[in-house]
Amino acid sequence: MIKKLQLQNVEKAKGRPMLSWVGKKPLEKVEYFPAQEKEIYGEKNSKDFNKLFWGDNLQILSHLLKEYRGKVNLIYIDPPFDSKADYVRKIKFKGEIIGGESQGLLEEKQYTDIWEKDEYLQFMYERLLIMRELLSDTGSFYLHCDWHKSAYLRLIMDEVFGEENFMNEIIWKYFGPNSSKKNYPKKHDTLLYYSKTSSNTFNFDACLVDYDEKAIARYDKIDETGKKYKLYFDKEGKEVRAYLKEGTPTEIFEIPFVQGIETQKTDYPTQKPEALLERIIKASSNKGDIVADFFLGSGTTCAVAQKLGRKWIGCDINLGAIQTTTKRLNKIIDGQEKEPQKDFRGSLGFKIYNVNDYDVFKNEIEAKEIVMEMYGIEGIKRSYFDGVLDNDLVKIMPLNRVLNKLDIKLVLKNINDKIDSFTPKKKSKTSEATFEEKVLVICSGADSDVFDFERKENKTGVKVEIRDILTDKKNLIFKKKPEARISVKGKDKKLSLEIKEFYSPILIRKLEIENSKVLKRDYQAKIKDFRQIIDSVAIDADYNGKLFNAEIMDIPSKREMIKAQYNYEYKKAGDYKVAVKIVDLLGEEYFETFDLSV
């Protein structure tokens with residue numbers, strides 16, 4: 001069976017007034033990217049998990065098309081506003097004082113909101129086209145923006161969704177000091193509200209807001225049942241009663257920013273208040289519907305959807321956003337498990353996935369699966385070769401090292417063995433492929449003399465093509481992790497685990513650079529206690545090798561440090577696999593597993 005590279009079709013925008021920019025290009029097809037399941041939280045036996053993705057949302061959107069095309073009921077996005085500002089998360093080096101002046105300050109860019117105008121418009125255009133594909137026929141779409149690009153985005157949305165599907169322009173009015181004396185204050189954002197079709201979900205009662213005191217005062221009469229009303233005259237001069245209702249619908253949302261003392265505050269830049277998302281989700285979705293946010297940030301959309309019994313999908317390219325959202329959701333789910341809600345139609349479990357940031361060096365089998373899915377390779381069993389691509393046999397070399405001469409010798413030997421078993425260009429019922437074109441060797445880096453060696457040594461008559469994924473698939477990302485020394489002991493059904501050392505070279509280097517700027521001199525970071533640079537620790541005492549489900553979570557407050565010593569008691573004696581995840585202050589993760597007998 002021939003399997004081509006997986007591509008997803010994207011419907012073209014119809015003929016409508018269109019905005020043009022340099023480099024505008026319709027997105028006709030997108031490459032499919034596989035997702036790697038990484039962690040599981042909440043109810044791990046849940047039948048239907050919510051999903052949290054880490055990666056570039058264009059690649060995540062292309063992944064979701066395969067399963068969720070036309071199934072998402074509500075999409076809300078709060079994308080970069082092109083505000084010419086760097087949004088940063090300020091991180092304090094726990095417990096460290098520098099010369100009595102200030103704490104060591106580290107700034108991690110969440111995203112850089114600096115664009116060339118054409119690049120920004122193309123960036124948004126491509127993503128909006130795929131999001132429309134995901135939206136159901138009764139679905140609604142809310143795009144959150146401000147004065148920087150609202151006019152441009154309105155035209156793009158008209159092109160993608162159609163002018164006839166523009167529902168309203170909602171104003172989010174907020175409050176705060178105004179430093180300018182030469183202009184009106186900029187105290188509102190805009191939400192562009194569109195539908196997929198004319199049959200979109202809209203719950204009118206959810207849009208009602210309480211009248212203000214002046215409006216209520218106008219209802220100065222009370223009828224025989226005790227209801228308030230006011231009198232007015234219709235066109236014919238007839239006196240009519242207007243009763244005070246529960247509220248009034250309005251497209252102006254007067255909702256304050258999240259304040260410093262509020263429990264929902266996460267210290268994540270661009271965080272939006274839960275009241276804003278609550279009004280949107282209640283109005284444009286029902287319990288059990290799927291709500292999605294593809295610029296997740298602090299996770300407000302997913303948090304509110306979880307509280308309201310909706311299913312949700314969230315994604316962000318920043319690991320800090322994934323970690324912030326994970327902590328937030330765990331607290332919500334913990335409360336929901338303790339006090340179950342009636343008619344709850346959401347899910348009490350969620351999984352975290354990586355898309356194109358693959359942790360391939362930990363598990364060779366999983367690494368091969370990711371590469372095969374990326375290329376669209378059809379797997380074969382009981383063979384030296386791993387699969388077939390376009391009728392060519394494929395061998396995927398171990399991805400934790402470079403290709404060498406011994407590897408090539410082994411490939412050539414197995415080609416000869418295969419030739420001996422059947423005639424080239426004549427496929428038998430028992431053979432899984434022929435050598436009609438070539439044998440494809442996929443590797444992660446190669447010795448410099450490997451290519452010449454293959455040409456000289458290959459006497460098989462079969463062409464061998466070597467593809468280095470580091471150059472052939474430049475958009476694939478592989479990362480080096482921090483280091484740690486951990487002691488794990490088991491006795492009498494009890495686990496005793498201690499983190500003895502932890503080192504994060506990326507964090508330390510960034511710390512030194514940033515503090516050198518602050519202090520105007522060279523600064524060498526000296527850590528008195530490695531716990532100062534750890535943000536959180538999670539331990540899965542019974543790791544199944546696929547999904548991480550933490551029984552122990554150590555998430556200290558900003559002023560506290562992790563415990564570093566942990567104990568856990570198993571229900572029965574046996575052999576277990578213990579997994580430990582340590583996250584540093586920059587969001588870099590360390591992950592290690594241990595075999596344990598108790």
# chains A, B, ... in the order shown; residues from 1 in each chain; ligands from 1
>>> residues_around(residues="segment 339-354 of chain A", least_positions_apart="3", cutoff="8 Å", atoms="only C-alpha atoms", output="ChimeraX atom specification")
/A:35-46,48-55,287-288,306,308-311,333,335-336,357-358
>>> residues_around(residues="Met124 of chain A", least_positions_apart="5", cutoff="9 Å", atoms="only C-alpha atoms", output="ChimeraX atom specification")
/A:79,119,129,153,156
>>> write_last_selection(atoms="N, CA and C atoms", output="mmCIF file, in the first residue's frame")
data_model
loop_
_atom_site.group_PDB
_atom_site.id
_atom_site.type_symbol
_atom_site.label_atom_id
_atom_site.label_comp_id
_atom_site.auth_asym_id
_atom_site.auth_seq_id
_atom_site.Cartn_x
_atom_site.Cartn_y
_atom_site.Cartn_z
ATOM 1 N N PRO A 79 -5.083 36.930 20.079
ATOM 2 C CA PRO A 79 -3.760 36.835 19.450
ATOM 3 C C PRO A 79 -2.901 38.058 19.755
ATOM 4 N N GLU A 119 3.866 40.611 7.489
ATOM 5 C CA GLU A 119 4.074 39.324 8.149
ATOM 6 C C GLU A 119 2.951 39.035 9.134
ATOM 7 N N LEU A 129 -7.977 30.846 8.481
ATOM 8 C CA LEU A 129 -8.524 29.937 7.470
ATOM 9 C C LEU A 129 -8.710 28.532 8.041
ATOM 10 N N LEU A 153 -7.974 43.335 10.762
ATOM 11 C CA LEU A 153 -8.510 42.017 11.100
ATOM 12 C C LEU A 153 -9.980 41.901 10.731
ATOM 13 N N ILE A 156 -10.055 40.965 7.078
ATOM 14 C CA ILE A 156 -9.643 39.573 6.884
ATOM 15 C C ILE A 156 -10.746 38.625 7.327
#
>>> residues_around(residues="Lys227 of chain A", least_positions_apart="2", cutoff="12 Å", atoms="only C-alpha atoms", output="VMD selection string")
chain A and resid 219 to 225 229 to 230 241 to 246
>>> closest_atom_pairs(of="segment 199-298 of chain A", to="segment 158-181 of chain A", cutoff="12 Å", atoms="only C-alpha atoms", output="CSV")
residue,atom,partner,partner_atom,distance
A:Ser199,CA,A:Asn165,CA,10.1
A:Asn200,CA,A:Asn165,CA,9.6
A:Thr201,CA,A:Met167,CA,11.8
A:Phe202,CA,A:Met167,CA,10.7
A:Cys207,CA,A:Ile170,CA,11.6
A:Pro249,CA,A:Ile170,CA,11.6
A:Thr250,CA,A:Ile170,CA,8.6
A:Glu251,CA,A:Ile170,CA,4.9
A:Ile252,CA,A:Ile171,CA,4.7
A:Phe253,CA,A:Trp172,CA,4.7
A:Glu254,CA,A:Lys173,CA,4.8
A:Ile255,CA,A:Tyr174,CA,5.8
A:Pro256,CA,A:Tyr174,CA,5.1
A:Phe257,CA,A:Tyr174,CA,6.6
A:Val258,CA,A:Tyr174,CA,10.4
A:Gln259,CA,A:Gly176,CA,11.1
A:Lys272,CA,A:Trp172,CA,10.8
A:Pro273,CA,A:Tyr174,CA,10.7
A:Ala275,CA,A:Trp172,CA,11.1
A:Leu276,CA,A:Trp172,CA,8.1
A:Leu277,CA,A:Trp172,CA,11.1
A:Arg279,CA,A:Trp172,CA,11.3
A:Ile280,CA,A:Ile170,CA,10.3
A:Ser284,CA,A:Met167,CA,11.8
>>> atom_distance(atom1="atom CA of Arg218 of chain A", atom2="atom CA of Gly237 of chain A")
19.7 Å
>>> residues_around(residues="Ser285 of chain A", least_positions_apart="2", cutoff="8 Å", atoms="only C-alpha atoms", output="list in words")
Asn73, Leu74, Thr201, Phe202, Asn203, Ile281, Lys282, Ala283, Lys287, Asp289 and Val291 of chain A
>>> residues_around(residues="segment 312-321 of chain A", least_positions_apart="6", cutoff="8 Å", atoms="only C-alpha atoms", output="JSON list (two decimals) with C-alpha atoms, in the first residue's frame")
[["chain", "number", "residue", "atom", "x", "y", "z"],
["A", 50, "ASN", "CA", -9.72, 17.72, 27.24],
["A", 51, "LYS", "CA", -6.57, 18.60, 25.32],
["A", 52, "LEU", "CA", -3.75, 21.05, 25.95],
["A", 53, "PHE", "CA", -1.15, 21.40, 23.18],
["A", 54, "TRP", "CA", 2.32, 22.94, 23.30],
["A", 55, "GLY", "CA", 3.71, 24.13, 19.97],
["A", 56, "ASP", "CA", 3.20, 26.45, 17.01],
["A", 57, "ASN", "CA", -0.56, 26.82, 16.63],
["A", 60, "ILE", "CA", -1.38, 22.22, 15.96],
["A", 110, "GLN", "CA", 6.45, 34.92, 26.34],
["A", 111, "TYR", "CA", 6.20, 36.14, 22.81],
["A", 268, "TYR", "CA", 0.94, 36.07, 33.26],
["A", 290, "ILE", "CA", -16.20, 22.01, 22.59],
["A", 291, "VAL", "CA", -14.59, 25.39, 23.27],
["A", 292, "ALA", "CA", -11.17, 26.18, 21.79],
["A", 293, "ASP", "CA", -8.50, 28.85, 22.30],
["A", 294, "PHE", "CA", -5.43, 28.76, 20.07],
["A", 295, "PHE", "CA", -3.57, 31.66, 21.73],
["A", 296, "LEU", "CA", -4.02, 30.32, 25.24],
["A", 297, "GLY", "CA", -1.86, 32.63, 27.36],
["A", 298, "SER", "CA", -2.78, 32.30, 31.03],
["A", 299, "GLY", "CA", -5.48, 29.72, 30.26],
["A", 302, "CYS", "CA", -9.95, 26.68, 29.37],
["A", 305, "ALA", "CA", -14.87, 26.28, 30.10],
["A", 306, "GLN", "CA", -13.89, 23.70, 32.72],
["A", 586, "LEU", "CA", 12.35, 29.40, 32.88],
["A", 587, "GLY", "CA", 10.01, 26.52, 32.16]]
>>> residues_around(residues="Val439 of chain A", least_positions_apart="6", cutoff="7 Å", atoms="only C-alpha atoms", output="VMD selection string")
chain A and resid 392 to 394 463 to 465
>>> write_last_selection(atoms="C-alpha atoms", output="short mmCIF file (atom, residue, chain, number, x, y, z; two decimals), in the first residue's frame")
data_model
loop_
_atom_site.label_atom_id
_atom_site.label_comp_id
_atom_site.auth_asym_id
_atom_site.auth_seq_id
_atom_site.Cartn_x
_atom_site.Cartn_y
_atom_site.Cartn_z
CA ASP A 392 10.58 2.39 -1.20
CA LEU A 393 11.88 0.55 1.83
CA VAL A 394 12.76 2.84 4.73
CA LYS A 463 20.09 3.29 -4.87
CA VAL A 464 20.41 4.37 -1.22
CA GLU A 465 19.20 7.85 -0.30
#
>>> select_by_dssp(residues="segment 137-263 of chain A", states="strand (DSSP E)", output="PDB file with N, CA and C atoms, in the first residue's frame")
ATOM      1  N   ASP A 137     -21.055  24.027  12.100  1.00  0.00           N
ATOM      2  CA  ASP A 137     -22.021  24.869  11.397  1.00  0.00           C
ATOM      3  C   ASP A 137     -22.814  25.760  12.349  1.00  0.00           C
ATOM      4  N   THR A 138     -22.923  25.350  13.599  1.00  0.00           N
ATOM      5  CA  THR A 138     -23.618  26.183  14.591  1.00  0.00           C
ATOM      6  C   THR A 138     -22.627  26.947  15.466  1.00  0.00           C
ATOM      7  N   GLY A 139     -21.364  26.964  15.043  1.00  0.00           N
ATOM      8  CA  GLY A 139     -20.311  27.550  15.857  1.00  0.00           C
ATOM      9  C   GLY A 139     -20.195  29.058  15.743  1.00  0.00           C
ATOM     10  N   SER A 140     -19.535  29.640  16.759  1.00  0.00           N
ATOM     11  CA  SER A 140     -19.279  31.078  16.805  1.00  0.00           C
ATOM     12  C   SER A 140     -17.792  31.326  17.003  1.00  0.00           C
ATOM     13  N   PHE A 141     -17.349  32.493  16.547  1.00  0.00           N
ATOM     14  CA  PHE A 141     -15.925  32.840  16.590  1.00  0.00           C
ATOM     15  C   PHE A 141     -15.781  34.245  17.152  1.00  0.00           C
ATOM     16  N   TYR A 142     -14.945  34.389  18.167  1.00  0.00           N
ATOM     17  CA  TYR A 142     -14.664  35.692  18.770  1.00  0.00           C
ATOM     18  C   TYR A 142     -13.173  35.994  18.630  1.00  0.00           C
ATOM     19  N   LEU A 143     -12.849  37.089  17.975  1.00  0.00           N
ATOM     20  CA  LEU A 143     -11.459  37.521  17.832  1.00  0.00           C
ATOM     21  C   LEU A 143     -11.251  38.766  18.685  1.00  0.00           C
ATOM     22  N   HIS A 144     -10.394  38.656  19.664  1.00  0.00           N
ATOM     23  CA  HIS A 144     -10.122  39.741  20.611  1.00  0.00           C
ATOM     24  C   HIS A 144      -8.952  40.579  20.088  1.00  0.00           C
ATOM     25  N   CYS A 145      -9.160  41.868  19.917  1.00  0.00           N
ATOM     26  CA  CYS A 145      -8.103  42.735  19.406  1.00  0.00           C
ATOM     27  C   CYS A 145      -8.277  44.144  19.989  1.00  0.00           C
ATOM     28  N   PHE A 166     -20.908  38.238   9.833  1.00  0.00           N
ATOM     29  CA  PHE A 166     -20.498  39.152  10.908  1.00  0.00           C
ATOM     30  C   PHE A 166     -21.707  39.400  11.800  1.00  0.00           C
ATOM     31  N   MET A 167     -21.570  39.111  13.090  1.00  0.00           N
ATOM     32  CA  MET A 167     -22.690  39.203  14.015  1.00  0.00           C
ATOM     33  C   MET A 167     -22.702  40.519  14.793  1.00  0.00           C
ATOM     34  N   ASN A 168     -21.524  40.916  15.290  1.00  0.00           N
ATOM     35  CA  ASN A 168     -21.493  42.135  16.097  1.00  0.00           C
ATOM     36  C   ASN A 168     -20.057  42.510  16.422  1.00  0.00           C
ATOM     37  N   GLU A 169     -19.904  43.745  16.821  1.00  0.00           N
ATOM     38  CA  GLU A 169     -18.636  44.234  17.358  1.00  0.00           C
ATOM     39  C   GLU A 169     -18.864  44.518  18.838  1.00  0.00           C
ATOM     40  N   ILE A 170     -18.221  43.739  19.670  1.00  0.00           N
ATOM     41  CA  ILE A 170     -18.402  43.867  21.117  1.00  0.00           C
ATOM     42  C   ILE A 170     -17.269  44.704  21.696  1.00  0.00           C
ATOM     43  N   ILE A 171     -17.632  45.598  22.576  1.00  0.00           N
ATOM     44  CA  ILE A 171     -16.647  46.465  23.217  1.00  0.00           C
ATOM     45  C   ILE A 171     -16.424  46.005  24.654  1.00  0.00           C
ATOM     46  N   TRP A 172     -15.169  45.697  24.968  1.00  0.00           N
ATOM     47  CA  TRP A 172     -14.806  45.424  26.359  1.00  0.00           C
ATOM     48  C   TRP A 172     -14.258  46.723  26.949  1.00  0.00           C
ATOM     49  N   LYS A 173     -15.034  47.321  27.829  1.00  0.00           N
ATOM     50  CA  LYS A 173     -14.653  48.592  28.447  1.00  0.00           C
ATOM     51  C   LYS A 173     -14.053  48.326  29.817  1.00  0.00           C
ATOM     52  N   HIS A 188     -10.556  50.554  25.942  1.00  0.00           N
ATOM     53  CA  HIS A 188     -11.411  49.450  25.520  1.00  0.00           C
ATOM     54  C   HIS A 188     -10.685  48.572  24.512  1.00  0.00           C
ATOM     55  N   ASP A 189     -11.094  47.311  24.472  1.00  0.00           N
ATOM     56  CA  ASP A 189     -10.687  46.371  23.438  1.00  0.00           C
ATOM     57  C   ASP A 189     -11.911  46.015  22.609  1.00  0.00           C
ATOM     58  N   THR A 190     -11.658  45.408  21.455  1.00  0.00           N
ATOM     59  CA  THR A 190     -12.739  45.030  20.544  1.00  0.00           C
ATOM     60  C   THR A 190     -12.782  43.519  20.378  1.00  0.00           C
ATOM     61  N   LEU A 191     -13.982  42.959  20.378  1.00  0.00           N
ATOM     62  CA  LEU A 191     -14.163  41.547  20.064  1.00  0.00           C
ATOM     63  C   LEU A 191     -15.005  41.449  18.797  1.00  0.00           C
ATOM     64  N   LEU A 192     -14.403  40.960  17.727  1.00  0.00           N
ATOM     65  CA  LEU A 192     -15.106  40.757  16.468  1.00  0.00           C
ATOM     66  C   LEU A 192     -15.813  39.409  16.529  1.00  0.00           C
ATOM     67  N   TYR A 193     -17.133  39.446  16.440  1.00  0.00           N
ATOM     68  CA  TYR A 193     -17.962  38.259  16.658  1.00  0.00           C
ATOM     69  C   TYR A 193     -18.553  37.806  15.330  1.00  0.00           C
ATOM     70  N   TYR A 194     -18.197  36.576  14.893  1.00  0.00           N
ATOM     71  CA  TYR A 194     -18.672  35.994  13.635  1.00  0.00           C
ATOM     72  C   TYR A 194     -19.291  34.627  13.890  1.00  0.00           C
ATOM     73  N   SER A 195     -20.120  34.187  12.931  1.00  0.00           N
ATOM     74  CA  SER A 195     -20.683  32.841  12.974  1.00  0.00           C
ATOM     75  C   SER A 195     -20.199  32.069  11.753  1.00  0.00           C
ATOM     76  N   LEU A 208     -27.780  39.033  29.314  1.00  0.00           N
ATOM     77  CA  LEU A 208     -28.431  40.051  30.126  1.00  0.00           C
ATOM     78  C   LEU A 208     -27.515  40.495  31.261  1.00  0.00           C
ATOM     79  N   VAL A 209     -27.385  41.803  31.416  1.00  0.00           N
ATOM     80  CA  VAL A 209     -26.607  42.352  32.517  1.00  0.00           C
ATOM     81  C   VAL A 209     -27.521  43.224  33.365  1.00  0.00           C
ATOM     82  N   LYS A 221     -42.908  52.719  39.433  1.00  0.00           N
ATOM     83  CA  LYS A 221     -44.261  52.285  39.783  1.00  0.00           C
ATOM     84  C   LYS A 221     -44.260  50.785  40.076  1.00  0.00           C
ATOM     85  N   ILE A 222     -45.217  50.372  40.895  1.00  0.00           N
ATOM     86  CA  ILE A 222     -45.321  48.963  41.281  1.00  0.00           C
ATOM     87  C   ILE A 222     -46.758  48.505  41.043  1.00  0.00           C
ATOM     88  N   LYS A 228     -42.008  46.018  39.429  1.00  0.00           N
ATOM     89  CA  LYS A 228     -41.740  47.412  39.070  1.00  0.00           C
ATOM     90  C   LYS A 228     -41.970  47.640  37.581  1.00  0.00           C
ATOM     91  N   TYR A 229     -42.496  48.853  37.273  1.00  0.00           N
ATOM     92  CA  TYR A 229     -42.665  49.203  35.867  1.00  0.00           C
ATOM     93  C   TYR A 229     -42.620  50.722  35.708  1.00  0.00           C
ATOM     94  N   LYS A 230     -42.504  51.157  34.462  1.00  0.00           N
ATOM     95  CA  LYS A 230     -42.600  52.582  34.140  1.00  0.00           C
ATOM     96  C   LYS A 230     -43.604  52.742  33.013  1.00  0.00           C
ATOM     97  N   LEU A 231     -44.123  53.938  32.854  1.00  0.00           N
ATOM     98  CA  LEU A 231     -45.118  54.209  31.822  1.00  0.00           C
ATOM     99  C   LEU A 231     -44.509  54.975  30.659  1.00  0.00           C
ATOM    100  N   TYR A 232     -44.958  54.629  29.476  1.00  0.00           N
ATOM    101  CA  TYR A 232     -44.595  55.411  28.290  1.00  0.00           C
ATOM    102  C   TYR A 232     -45.767  55.360  27.318  1.00  0.00           C
ATOM    103  N   PHE A 233     -45.714  56.198  26.309  1.00  0.00           N
ATOM    104  CA  PHE A 233     -46.810  56.275  25.330  1.00  0.00           C
ATOM    105  C   PHE A 233     -46.330  55.749  23.982  1.00  0.00           C
ATOM    106  N   GLU A 239     -51.163  54.685  26.584  1.00  0.00           N
ATOM    107  CA  GLU A 239     -50.265  54.473  27.717  1.00  0.00           C
ATOM    108  C   GLU A 239     -49.920  52.979  27.833  1.00  0.00           C
ATOM    109  N   VAL A 240     -48.629  52.701  27.955  1.00  0.00           N
ATOM    110  CA  VAL A 240     -48.147  51.316  27.994  1.00  0.00           C
ATOM    111  C   VAL A 240     -47.221  51.147  29.203  1.00  0.00           C
ATOM    112  N   ARG A 241     -47.325  49.994  29.821  1.00  0.00           N
ATOM    113  CA  ARG A 241     -46.438  49.667  30.924  1.00  0.00           C
ATOM    114  C   ARG A 241     -45.187  48.941  30.406  1.00  0.00           C
ATOM    115  N   ALA A 242     -44.034  49.360  30.889  1.00  0.00           N
ATOM    116  CA  ALA A 242     -42.772  48.675  30.579  1.00  0.00           C
ATOM    117  C   ALA A 242     -42.218  48.125  31.891  1.00  0.00           C
ATOM    118  N   TYR A 243     -42.191  46.805  32.009  1.00  0.00           N
ATOM    119  CA  TYR A 243     -41.771  46.183  33.262  1.00  0.00           C
ATOM    120  C   TYR A 243     -40.249  46.033  33.326  1.00  0.00           C
ATOM    121  N   THR A 248     -30.547  43.664  30.881  1.00  0.00           N
ATOM    122  CA  THR A 248     -30.662  44.146  29.512  1.00  0.00           C
ATOM    123  C   THR A 248     -29.497  43.626  28.692  1.00  0.00           C
ATOM    124  N   PRO A 249     -29.731  43.228  27.438  1.00  0.00           N
ATOM    125  CA  PRO A 249     -28.613  42.790  26.604  1.00  0.00           C
ATOM    126  C   PRO A 249     -27.784  43.989  26.154  1.00  0.00           C
ATOM    127  N   ILE A 252     -21.700  46.145  25.040  1.00  0.00           N
ATOM    128  CA  ILE A 252     -20.619  46.809  25.778  1.00  0.00           C
ATOM    129  C   ILE A 252     -20.423  46.074  27.102  1.00  0.00           C
ATOM    130  N   PHE A 253     -19.273  45.409  27.226  1.00  0.00           N
ATOM    131  CA  PHE A 253     -18.965  44.661  28.434  1.00  0.00           C
ATOM    132  C   PHE A 253     -18.113  45.543  29.353  1.00  0.00           C
ATOM    133  N   GLU A 254     -18.684  45.968  30.461  1.00  0.00           N
ATOM    134  CA  GLU A 254     -17.925  46.765  31.431  1.00  0.00           C
ATOM    135  C   GLU A 254     -17.395  45.820  32.501  1.00  0.00           C
TER     136      GLU A 254
END
>>> atom_distance(atom1="atom CA of Asn9 of chain A", atom2="atom CA of Val30 of chain A")
6.8 Å
>>> closest_residue(among="A:Tyr375, A:Phe502, A:Phe385, A:Trp21", to="Pro34 of chain A", atoms="only C-alpha atoms")
A:Tyr375
>>> atom_distance(atom1="atom CA of Gly376 of chain A", atom2="atom CA of Gln6 of chain A")
6.0 Å
>>> closest_residue(among="A:Glu236, A:Val304, A:Ser20, A:Ala484", to="Leu329 of chain A", atoms="only C-alpha atoms")
A:Val304
>>> decode(residues="segment 157-218 of chain A", atoms="C-alpha atoms", output="PDB file, in the first residue's frame")
ATOM      1  CA  MET A 157     -12.477  38.104   8.939  1.00  0.00           C
ATOM      2  CA  ASP A 158     -14.991  39.334   6.340  1.00  0.00           C
ATOM      3  CA  GLU A 159     -12.992  37.519   3.677  1.00  0.00           C
ATOM      4  CA  VAL A 160     -12.633  34.277   5.628  1.00  0.00           C
ATOM      5  CA  PHE A 161     -16.093  34.064   7.235  1.00  0.00           C
ATOM      6  CA  GLY A 162     -18.140  36.272   4.908  1.00  0.00           C
ATOM      7  CA  GLU A 163     -19.623  39.703   5.587  1.00  0.00           C
ATOM      8  CA  GLU A 164     -23.039  38.099   6.018  1.00  0.00           C
ATOM      9  CA  ASN A 165     -21.698  36.109   8.992  1.00  0.00           C
ATOM     10  CA  PHE A 166     -20.498  39.152  10.908  1.00  0.00           C
ATOM     11  CA  MET A 167     -22.690  39.203  14.015  1.00  0.00           C
ATOM     12  CA  ASN A 168     -21.493  42.135  16.097  1.00  0.00           C
ATOM     13  CA  GLU A 169     -18.636  44.234  17.358  1.00  0.00           C
ATOM     14  CA  ILE A 170     -18.402  43.867  21.117  1.00  0.00           C
ATOM     15  CA  ILE A 171     -16.647  46.465  23.217  1.00  0.00           C
ATOM     16  CA  TRP A 172     -14.806  45.424  26.359  1.00  0.00           C
ATOM     17  CA  LYS A 173     -14.653  48.592  28.447  1.00  0.00           C
ATOM     18  CA  TYR A 174     -12.194  48.676  31.311  1.00  0.00           C
ATOM     19  CA  PHE A 175     -10.849  51.271  33.714  1.00  0.00           C
ATOM     20  CA  GLY A 176      -7.498  52.637  34.825  1.00  0.00           C
ATOM     21  CA  PRO A 177      -5.352  55.765  35.008  1.00  0.00           C
ATOM     22  CA  ASN A 178      -4.897  57.871  31.890  1.00  0.00           C
ATOM     23  CA  SER A 179      -1.442  59.370  31.451  1.00  0.00           C
ATOM     24  CA  SER A 180      -2.179  61.303  28.250  1.00  0.00           C
ATOM     25  CA  LYS A 181      -3.597  64.873  28.394  1.00  0.00           C
ATOM     26  CA  LYS A 182      -3.616  65.279  24.602  1.00  0.00           C
ATOM     27  CA  ASN A 183      -5.965  62.492  23.551  1.00  0.00           C
ATOM     28  CA  TYR A 184      -9.007  60.491  24.590  1.00  0.00           C
ATOM     29  CA  PRO A 185      -8.039  57.575  26.841  1.00  0.00           C
ATOM     30  CA  LYS A 186      -7.661  54.178  25.177  1.00  0.00           C
ATOM     31  CA  LYS A 187      -9.788  52.187  27.591  1.00  0.00           C
ATOM     32  CA  HIS A 188     -11.411  49.450  25.520  1.00  0.00           C
ATOM     33  CA  ASP A 189     -10.687  46.371  23.438  1.00  0.00           C
ATOM     34  CA  THR A 190     -12.739  45.030  20.544  1.00  0.00           C
ATOM     35  CA  LEU A 191     -14.163  41.547  20.064  1.00  0.00           C
ATOM     36  CA  LEU A 192     -15.106  40.757  16.468  1.00  0.00           C
ATOM     37  CA  TYR A 193     -17.962  38.259  16.658  1.00  0.00           C
ATOM     38  CA  TYR A 194     -18.672  35.994  13.635  1.00  0.00           C
ATOM     39  CA  SER A 195     -20.683  32.841  12.974  1.00  0.00           C
ATOM     40  CA  LYS A 196     -19.987  29.938  10.646  1.00  0.00           C
ATOM     41  CA  THR A 197     -23.558  29.963   9.314  1.00  0.00           C
ATOM     42  CA  SER A 198     -26.846  31.696  10.107  1.00  0.00           C
ATOM     43  CA  SER A 199     -27.703  28.867  12.534  1.00  0.00           C
ATOM     44  CA  ASN A 200     -25.164  29.630  15.236  1.00  0.00           C
ATOM     45  CA  THR A 201     -25.797  28.965  18.921  1.00  0.00           C
ATOM     46  CA  PHE A 202     -26.813  32.069  20.874  1.00  0.00           C
ATOM     47  CA  ASN A 203     -28.226  32.004  24.400  1.00  0.00           C
ATOM     48  CA  PHE A 204     -29.964  35.350  24.835  1.00  0.00           C
ATOM     49  CA  ASP A 205     -30.438  35.102  28.597  1.00  0.00           C
ATOM     50  CA  ALA A 206     -26.678  34.787  29.099  1.00  0.00           C
ATOM     51  CA  CYS A 207     -26.240  38.268  27.608  1.00  0.00           C
ATOM     52  CA  LEU A 208     -28.431  40.051  30.126  1.00  0.00           C
ATOM     53  CA  VAL A 209     -26.607  42.352  32.517  1.00  0.00           C
ATOM     54  CA  ASP A 210     -27.997  44.145  35.528  1.00  0.00           C
ATOM     55  CA  TYR A 211     -29.373  47.642  35.059  1.00  0.00           C
ATOM     56  CA  ASP A 212     -27.463  50.450  36.720  1.00  0.00           C
ATOM     57  CA  GLU A 213     -29.045  52.446  39.558  1.00  0.00           C
ATOM     58  CA  LYS A 214     -30.226  55.318  37.319  1.00  0.00           C
ATOM     59  CA  ALA A 215     -31.978  52.914  34.945  1.00  0.00           C
ATOM     60  CA  ILE A 216     -33.675  51.085  37.808  1.00  0.00           C
ATOM     61  CA  ALA A 217     -34.863  54.394  39.299  1.00  0.00           C
ATOM     62  CA  ARG A 218     -36.916  55.066  36.160  1.00  0.00           C
TER      63      ARG A 218
END
